[in-house]
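What follows is the content of model32.cif (mmCIF, C-alpha atoms and all ligand atoms).
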```
data_my_file
loop_
_atom_site.group_PDB
_atom_site.id
_atom_site.type_symbol
_atom_site.label_atom_id
_atom_site.label_comp_id
_atom_site.auth_asym_id
_atom_site.auth_seq_id
_atom_site.Cartn_x
_atom_site.Cartn_y
_atom_site.Cartn_z
ATOM 1 C CA MET A 1 102.329 117.561 85.909
ATOM 2 C CA SER A 2 100.489 116.397 89.005
ATOM 3 C CA LYS A 3 99.276 112.840 89.259
ATOM 4 C CA LYS A 4 95.802 111.963 88.036
ATOM 5 C CA ILE A 5 93.344 110.817 90.682
ATOM 6 C CA PHE A 6 91.280 107.693 90.055
ATOM 7 C CA ILE A 7 88.375 107.013 92.396
ATOM 8 C CA ALA A 8 86.394 103.766 92.423
ATOM 9 C CA ASN A 9 82.869 104.216 93.777
ATOM 10 C CA TRP A 10 81.529 100.759 94.591
ATOM 11 C CA LYS A 11 78.170 102.235 95.694
ATOM 12 C CA MET A 12 75.943 99.475 97.196
ATOM 13 C CA GLN A 13 76.839 97.013 94.423
ATOM 14 C CA LEU A 14 78.852 94.439 96.384
ATOM 15 C CA SER A 15 78.108 92.369 99.488
ATOM 16 C CA PRO A 16 80.774 92.688 102.215
ATOM 17 C CA ALA A 17 82.156 89.271 101.209
ATOM 18 C CA GLU A 18 82.396 90.384 97.579
ATOM 19 C CA ALA A 19 83.907 93.740 98.594
ATOM 20 C CA LEU A 20 86.678 92.066 100.602
ATOM 21 C CA LYS A 21 87.427 89.652 97.779
ATOM 22 C CA THR A 22 87.496 92.505 95.263
ATOM 23 C CA ALA A 23 89.746 94.557 97.570
ATOM 24 C CA LYS A 24 92.221 91.658 97.607
ATOM 25 C CA ASP A 25 92.107 91.498 93.797
ATOM 26 C CA PHE A 26 92.822 95.245 93.714
ATOM 27 C CA VAL A 27 95.841 94.829 95.994
ATOM 28 C CA ARG A 28 97.276 92.112 93.731
ATOM 29 C CA THR A 29 96.633 94.157 90.598
ATOM 30 C CA PHE A 30 97.852 97.507 91.962
ATOM 31 C CA LYS A 31 100.817 96.272 93.985
ATOM 32 C CA ASP A 32 103.387 98.365 92.079
ATOM 33 C CA PHE A 33 101.101 101.311 91.331
ATOM 34 C CA LYS A 34 102.706 104.723 91.708
ATOM 35 C CA GLY A 35 99.663 106.921 91.064
ATOM 36 C CA ILE A 36 96.616 107.854 93.116
ATOM 37 C CA ALA A 37 93.928 105.154 93.207
ATOM 38 C CA VAL A 38 91.156 105.454 95.779
ATOM 39 C CA VAL A 39 88.475 102.868 96.539
ATOM 40 C CA CYS A 40 85.192 103.829 98.213
ATOM 41 C CA PRO A 41 83.518 100.651 99.529
ATOM 42 C CA ASP A 42 80.204 100.521 101.411
ATOM 43 C CA PHE A 43 80.415 101.312 105.134
ATOM 44 C CA LEU A 44 80.025 97.695 106.309
ATOM 45 C CA SER A 45 83.106 96.731 104.298
ATOM 46 C CA LEU A 46 85.204 99.804 105.060
ATOM 47 C CA ALA A 47 87.049 98.452 108.108
ATOM 48 C CA GLY A 48 87.860 95.184 106.331
ATOM 49 C CA VAL A 49 89.027 96.948 103.181
ATOM 50 C CA ALA A 50 91.144 99.313 105.332
ATOM 51 C CA LYS A 51 92.942 96.278 106.748
ATOM 52 C CA ILE A 52 93.505 94.789 103.292
ATOM 53 C CA PHE A 53 94.850 98.113 101.915
ATOM 54 C CA LYS A 54 97.341 98.651 104.761
ATOM 55 C CA ASN A 55 100.880 99.106 103.380
ATOM 56 C CA THR A 56 99.674 99.001 99.777
ATOM 57 C CA PRO A 57 99.551 101.845 97.216
ATOM 58 C CA LEU A 58 95.733 101.858 97.381
ATOM 59 C CA LEU A 59 93.925 104.584 99.301
ATOM 60 C CA LEU A 60 90.648 104.289 101.131
ATOM 61 C CA GLY A 61 87.661 106.530 100.461
ATOM 62 C CA ALA A 62 84.139 106.705 101.868
ATOM 63 C CA GLN A 63 80.890 107.256 99.994
ATOM 64 C CA ASP A 64 79.483 109.662 102.569
ATOM 65 C CA VAL A 65 80.086 111.132 106.027
ATOM 66 C CA ALA A 66 77.913 112.499 108.818
ATOM 67 C CA ALA A 67 77.358 116.234 109.072
ATOM 68 C CA PHE A 68 77.924 115.936 112.841
ATOM 69 C CA GLU A 69 81.033 115.017 114.787
ATOM 70 C CA ARG A 70 79.617 112.603 117.351
ATOM 71 C CA GLY A 71 76.405 112.108 119.283
ATOM 72 C CA ALA A 72 72.840 110.886 119.001
ATOM 73 C CA TYR A 73 72.629 110.640 115.194
ATOM 74 C CA THR A 74 71.136 107.235 114.459
ATOM 75 C CA GLY A 75 72.575 105.538 111.403
ATOM 76 C CA GLU A 76 75.310 108.102 110.745
ATOM 77 C CA ILE A 77 79.082 107.563 110.372
ATOM 78 C CA SER A 78 81.448 110.093 111.915
ATOM 79 C CA ALA A 79 84.446 111.596 110.122
ATOM 80 C CA LEU A 80 86.388 110.869 113.321
ATOM 81 C CA ASP A 81 85.824 107.151 112.812
ATOM 82 C CA LEU A 82 86.514 107.283 109.065
ATOM 83 C CA ALA A 83 89.831 108.977 109.859
ATOM 84 C CA SER A 84 90.668 106.266 112.391
ATOM 85 C CA TYR A 85 90.535 103.755 109.510
ATOM 86 C CA ASP A 86 92.873 105.960 107.487
ATOM 87 C CA THR A 87 90.173 107.145 105.091
ATOM 88 C CA LYS A 88 91.743 109.746 102.807
ATOM 89 C CA TYR A 89 88.844 110.851 100.586
ATOM 90 C CA VAL A 90 85.082 111.116 100.940
ATOM 91 C CA LEU A 91 82.399 111.634 98.301
ATOM 92 C CA ILE A 92 80.039 114.470 99.188
ATOM 93 C CA GLY A 93 76.674 115.061 97.548
ATOM 94 C CA HIS A 94 76.733 112.257 95.004
ATOM 95 C CA SER A 95 73.689 112.793 92.774
ATOM 96 C CA GLU A 96 72.180 109.544 94.062
ATOM 97 C CA ARG A 97 72.247 110.977 97.596
ATOM 98 C CA ARG A 98 71.039 114.391 96.441
ATOM 99 C CA SER A 99 68.031 112.869 94.696
ATOM 100 C CA TYR A 100 67.101 109.768 96.733
ATOM 101 C CA LEU A 101 68.004 111.200 100.141
ATOM 102 C CA GLN A 102 67.249 114.879 99.521
ATOM 103 C CA GLU A 103 70.707 116.083 100.575
ATOM 104 C CA ASN A 104 70.876 119.872 100.327
ATOM 105 C CA ASP A 105 73.675 122.432 100.082
ATOM 106 C CA LYS A 106 73.692 123.329 103.768
ATOM 107 C CA LEU A 107 73.992 119.678 104.775
ATOM 108 C CA LEU A 108 76.718 119.068 102.192
ATOM 109 C CA ALA A 109 78.700 122.049 103.453
ATOM 110 C CA ALA A 110 78.507 120.638 106.992
ATOM 111 C CA LYS A 111 79.774 117.282 105.716
ATOM 112 C CA ILE A 112 82.661 119.007 103.926
ATOM 113 C CA ARG A 113 83.549 120.781 107.177
ATOM 114 C CA MET A 114 83.543 117.500 109.114
ATOM 115 C CA ALA A 115 85.784 115.811 106.548
ATOM 116 C CA LEU A 116 88.268 118.689 106.417
ATOM 117 C CA ALA A 117 88.499 118.802 110.207
ATOM 118 C CA GLN A 118 89.803 115.202 110.044
ATOM 119 C CA LYS A 119 92.072 115.882 107.047
ATOM 120 C CA ILE A 120 89.903 113.752 104.771
ATOM 121 C CA LYS A 121 89.677 115.215 101.269
ATOM 122 C CA PRO A 122 86.060 115.945 100.280
ATOM 123 C CA VAL A 123 85.044 115.262 96.684
ATOM 124 C CA LEU A 124 82.007 117.442 96.015
ATOM 125 C CA CYS A 125 79.886 115.953 93.216
ATOM 126 C CA VAL A 126 78.004 118.258 90.864
ATOM 127 C CA GLY A 127 76.121 117.720 87.619
ATOM 128 C CA GLU A 128 72.972 118.426 85.661
ATOM 129 C CA ASN A 129 70.105 116.046 84.954
ATOM 130 C CA ALA A 130 68.707 115.149 81.525
ATOM 131 C CA ALA A 131 66.021 117.859 81.537
ATOM 132 C CA GLU A 132 68.528 120.544 82.549
ATOM 133 C CA LYS A 133 70.871 119.348 79.808
ATOM 134 C CA LYS A 134 68.068 119.585 77.263
ATOM 135 C CA GLN A 135 67.482 123.183 78.287
ATOM 136 C CA GLY A 136 71.218 123.950 78.003
ATOM 137 C CA ARG A 137 71.331 124.847 81.694
ATOM 138 C CA GLU A 138 74.477 122.852 82.608
ATOM 139 C CA ALA A 139 76.548 125.872 83.645
ATOM 140 C CA ALA A 140 73.712 127.463 85.652
ATOM 141 C CA VAL A 141 72.979 124.225 87.523
ATOM 142 C CA ILE A 142 76.613 123.608 88.403
ATOM 143 C CA LYS A 143 77.089 127.213 89.438
ATOM 144 C CA ALA A 144 74.125 126.938 91.807
ATOM 145 C CA GLN A 145 75.366 123.645 93.272
ATOM 146 C CA LEU A 146 78.890 124.954 93.825
ATOM 147 C CA LYS A 147 77.838 128.320 95.179
ATOM 148 C CA GLY A 148 75.248 126.602 97.340
ATOM 149 C CA ALA A 149 77.826 124.488 99.141
ATOM 150 C CA LEU A 150 80.619 127.077 99.199
ATOM 151 C CA ASN A 151 78.375 129.800 100.622
ATOM 152 C CA TYR A 152 78.284 127.889 103.873
ATOM 153 C CA LEU A 153 82.045 127.381 104.017
ATOM 154 C CA PRO A 154 84.802 129.751 105.042
ATOM 155 C CA ASN A 155 87.317 130.238 102.187
ATOM 156 C CA HIS A 156 90.336 129.230 104.168
ATOM 157 C CA GLY A 157 88.785 125.917 105.140
ATOM 158 C CA VAL A 158 88.309 124.444 101.678
ATOM 159 C CA ARG A 159 91.809 124.240 100.277
ATOM 160 C CA SER A 160 91.681 120.453 99.991
ATOM 161 C CA LEU A 161 88.382 120.299 98.139
ATOM 162 C CA LEU A 162 88.028 118.245 94.947
ATOM 163 C CA ILE A 163 85.127 118.559 92.555
ATOM 164 C CA ALA A 164 83.659 115.745 90.485
ATOM 165 C CA TYR A 165 81.597 116.710 87.461
ATOM 166 C CA GLU A 166 79.119 113.874 87.026
ATOM 167 C CA PRO A 167 76.278 114.606 84.609
ATOM 168 C CA ILE A 168 73.373 112.674 86.110
ATOM 169 C CA TRP A 169 72.152 111.445 82.730
ATOM 170 C CA ALA A 170 75.580 109.866 82.145
ATOM 171 C CA ILE A 171 75.665 107.875 85.396
ATOM 172 C CA GLY A 172 75.139 104.166 84.886
ATOM 173 C CA THR A 173 73.638 104.666 81.426
ATOM 174 C CA GLY A 174 76.577 103.818 79.181
ATOM 175 C CA LEU A 175 76.219 107.321 77.691
ATOM 176 C CA HIS A 176 79.316 109.263 78.695
ATOM 177 C CA CYS A 177 79.460 113.019 78.163
ATOM 178 C CA ASP A 178 81.180 114.218 75.022
ATOM 179 C CA PRO A 179 84.714 114.961 76.352
ATOM 180 C CA GLU A 180 84.882 118.368 74.652
ATOM 181 C CA LYS A 181 81.597 119.388 76.210
ATOM 182 C CA ALA A 182 82.717 118.052 79.599
ATOM 183 C CA LEU A 183 85.909 120.095 79.312
ATOM 184 C CA ARG A 184 83.869 123.247 78.701
ATOM 185 C CA VAL A 185 82.032 122.523 81.952
ATOM 186 C CA LYS A 186 85.401 121.942 83.635
ATOM 187 C CA ARG A 187 86.501 125.428 82.590
ATOM 188 C CA THR A 188 83.281 126.873 84.039
ATOM 189 C CA ILE A 189 84.001 125.069 87.317
ATOM 190 C CA GLU A 190 87.589 126.374 87.312
ATOM 191 C CA GLU A 191 86.357 129.916 86.814
ATOM 192 C CA LEU A 192 83.843 129.585 89.650
ATOM 193 C CA CYS A 193 86.483 128.127 91.953
ATOM 194 C CA LYS A 194 88.860 130.952 91.128
ATOM 195 C CA ARG A 195 86.190 133.528 91.865
ATOM 196 C CA ALA A 196 85.458 131.769 95.163
ATOM 197 C CA GLY A 197 89.147 132.048 96.099
ATOM 198 C CA LEU A 198 89.849 128.323 95.685
ATOM 199 C CA LYS A 199 93.185 127.550 94.183
ATOM 200 C CA LYS A 200 94.321 124.227 92.763
ATOM 201 C CA THR A 201 91.015 122.426 93.032
ATOM 202 C CA PRO A 202 91.349 119.090 91.197
ATOM 203 C CA ILE A 203 88.343 118.509 88.936
ATOM 204 C CA LEU A 204 87.341 114.932 88.083
ATOM 205 C CA TYR A 205 84.920 113.575 85.507
ATOM 206 C CA GLY A 206 82.462 110.766 86.251
ATOM 207 C CA GLY A 207 79.620 109.112 84.316
ATOM 208 C CA SER A 208 79.947 105.901 82.269
ATOM 209 C CA VAL A 209 83.740 106.005 82.279
ATOM 210 C CA THR A 210 85.275 102.912 80.687
ATOM 211 C CA ALA A 211 88.707 101.924 79.405
ATOM 212 C CA ASN A 212 87.523 103.017 75.947
ATOM 213 C CA ASN A 213 86.798 106.646 76.844
ATOM 214 C CA ALA A 214 88.987 107.334 79.915
ATOM 215 C CA ALA A 215 91.929 108.737 77.953
ATOM 216 C CA ASP A 216 89.692 111.303 76.193
ATOM 217 C CA PHE A 217 89.004 112.991 79.544
ATOM 218 C CA LEU A 218 92.646 112.922 80.639
ATOM 219 C CA ILE A 219 94.244 114.722 77.685
ATOM 220 C CA PRO A 220 96.660 117.605 78.481
ATOM 221 C CA ASN A 221 94.666 120.382 80.186
ATOM 222 C CA GLY A 222 91.886 117.861 80.630
ATOM 223 C CA PHE A 223 90.413 116.484 83.833
ATOM 224 C CA ASP A 224 92.575 115.832 86.874
ATOM 225 C CA GLY A 225 91.100 112.403 87.370
ATOM 226 C CA LEU A 226 88.087 110.132 87.041
ATOM 227 C CA LEU A 227 85.295 108.960 89.335
ATOM 228 C CA VAL A 228 84.230 105.508 88.211
ATOM 229 C CA GLY A 229 81.190 103.414 89.148
ATOM 230 C CA SER A 230 80.373 100.206 87.241
ATOM 231 C CA ALA A 231 83.801 99.839 85.621
ATOM 232 C CA SER A 232 85.473 99.983 89.052
ATOM 233 C CA LEU A 233 83.851 96.824 90.389
ATOM 234 C CA LYS A 234 86.547 94.549 88.973
ATOM 235 C CA ALA A 235 90.281 95.101 89.473
ATOM 236 C CA ASP A 236 91.028 94.341 85.832
ATOM 237 C CA SER A 237 88.561 96.809 84.350
ATOM 238 C CA PHE A 238 89.656 99.561 86.777
ATOM 239 C CA LYS A 239 93.264 98.756 85.905
ATOM 240 C CA ASN A 240 92.504 99.316 82.226
ATOM 241 C CA ILE A 241 91.111 102.768 83.033
ATOM 242 C CA VAL A 242 94.099 103.690 85.161
ATOM 243 C CA ARG A 243 96.380 102.175 82.471
ATOM 244 C CA LEU A 244 98.843 100.407 84.675
HETATM 245 P P1 LIG A 301 79.090 104.823 86.376
HETATM 246 O O1 LIG A 301 80.587 104.851 86.106
HETATM 247 O O2 LIG A 301 78.560 103.471 86.631
HETATM 248 O O3 LIG A 301 78.353 105.589 85.338
HETATM 249 O O4 LIG A 301 78.879 105.622 87.768
HETATM 250 C C1 LIG A 301 79.438 106.868 87.894
HETATM 251 C C2 LIG A 301 79.309 107.316 89.298
HETATM 252 O O5 LIG A 301 78.221 107.609 89.747
HETATM 253 C C3 LIG A 301 80.523 107.364 90.097
HETATM 254 O O6 LIG A 301 80.308 108.070 91.279
#
```
How does this structure look as structure tokens?
Ligand code: 13P
Amino acid sequence: MSKKIFIANWKMQLSPAEALKTAKDFVRTFKDFKGIAVVCPDFLSLAGVAKIFKNTPLLLGAQDVAAFERGAYTGEISALDLASYDTKYVLIGHSERRSYLQENDKLLAAKIRMALAQKIKPVLCVGENAAEKKQGREAAVIKAQLKGALNYLPNHGVRSLLIAYEPIWAIGTGLHCDPEKALRVKRTIEELCKRAGLKKTPILYGGSVTANNAADFLIPNGFDGLLVGSASLKADSFKNIVRL
């Protein structure tokens, strides 16, 4: 069985000083960890966290990446520079970026391409909102999001893609998705990936994950990992999800 992947998304919740302190707590807590634990700090803290994580079992992730390699793109962060800090994963198309920053499929595909070119694993986030859930349109929404991004990508280039199913209504609300329902969506995603020629695409669940519900998503034939927001802001609570 392959190792589960646990990703901490710190979003914009911590100041750089708090992020560096928390990173040090993570290193102490995860010093003998043998699994895959990834932390995505904010960009201002990334270089500092990279230094703290050096020669530890913890991996560095980013919350976003530019859709361009280098040049006159004010405010953007290049995959080249993320790679130079040993960034291993990058979140692409988190629902907060899709909705607040109007990120679209074409842009997300370009970001995936940039990440892959630097051997950074892209984690494409998909998920339905509350209204779409009410209409029972989960599968249709996810299909459109996946197809939308994959249409712009050559098959051979996306072997290292990961997908995170994050129902928008479950993010930061304390209302996690019923695990059985989430697993049905996972099977839909698997089917779509297969049809798109993608093999072995790890599929993660995210949305109000806590130590109390994490195991329900990680049952045999369950999700390949978890993407965690609020409960990843403290080493101890993330540790309880990872079950050290
Ligand atoms: P919460 O775990 O706080 O619901 O956030 C989930 C998320 O958006 C992770 O990317």
Subject >> Residues within 8 Å of ligand LIG 301 (chain A), counting only C-alpha atoms and all ligand atoms, as a PyMOL selection string >> reply: chain A and resi 8-9+11+94-96+166+168+170-174+176+206-210+227-232
**OP:** For the structure shown, which residues end up in the PyMOL selection byres (((chain A and resi 133) around 12) and not hetatm)? Put them as a PyMOL selection string, please?
**Re:** chain A and resi 127-132+134-142+167-170+177+181-182+185
So for range 87-105 of chain A, what box centre and size do we get, axis-aligned, 6 Å extra on each of the six sides, every listed atom, Å to one decimal, as lines of an AutoDock Vina configuration file?
```
center_x = 79.4
center_y = 114.8
center_z = 98.9
size_x = 36.6
size_y = 27.3
size_z = 24.3
```
**OP:** Please write as number ranges by chain the full residue list that the PyMOL selection byres (((chain A and resi 124) around 7) and not hetatm) yields on this file.
**Re:** A: 91-93, 122-123, 125-126, 162-164
**OP:** Kindly resolve the PyMOL selection byres (((chain A and resi 211-217) around 7) and not hetatm) on the present coordinates and return the residues as a list in words.
**Re:** Pro179, Val209, Thr210, Leu218, Ile219, Gly222, Phe223, Asn240 and Ile241 of chain A
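Here the question is which of A:Lys111, A:Leu233, A:Lys239, A:Gly48 gets nearest to Gln13 in chain A using all atoms listed in the file, and that residue is A:Leu233.
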Subject >> CA of Lys54 in chain A to CA of Leu204 in chain A, distance in Å rounded to a single decimal >> reply: 25.4 Å
**OP:** Find the spatial neighbours of Leu107 in chain A, counting all atoms listed in the file, within a cut-off of 12 Å - ignore same-chain residues fewer than 4 positions away - and output them as an MDAnalysis selection string.
**Re:** chainID A and resid 64:68 92:93 97:98 101:103 111:114 148:153
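Among the candidate residues A:Val158, A:Val49, A:Ala62, A:Leu116, the one lying nearest to Phe26 in chain A is A:Val49, with distances computed using all atoms listed in the file.
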**OP:** Go ahead and compute the interatomic distance for CA of Phe33 in chain A and CA of Leu58 in chain A, in Å to one decimal.
**Re:** 8.1 Å
**OP:** State, in Å with one decimal place, the distance from CA of Leu46 in chain A to CA of Lys121 in chain A.
**Re:** 16.5 Å
**OP:** Could you pull out every residue with an atom within 12 Å of (87.8, 96.6, 98.2), file coordinates, counting only C-alpha atoms, and send them as number ranges by chain?
**Re:** A: 7-11, 13-30, 37-54, 58-62, 232-235, 238
Subject >> Which residue of A:Lys200, A:Pro154, A:Leu175, A:Lys88 approaches Ala109 in chain A most closely, using all atoms listed in the file >> reply: A:Pro154
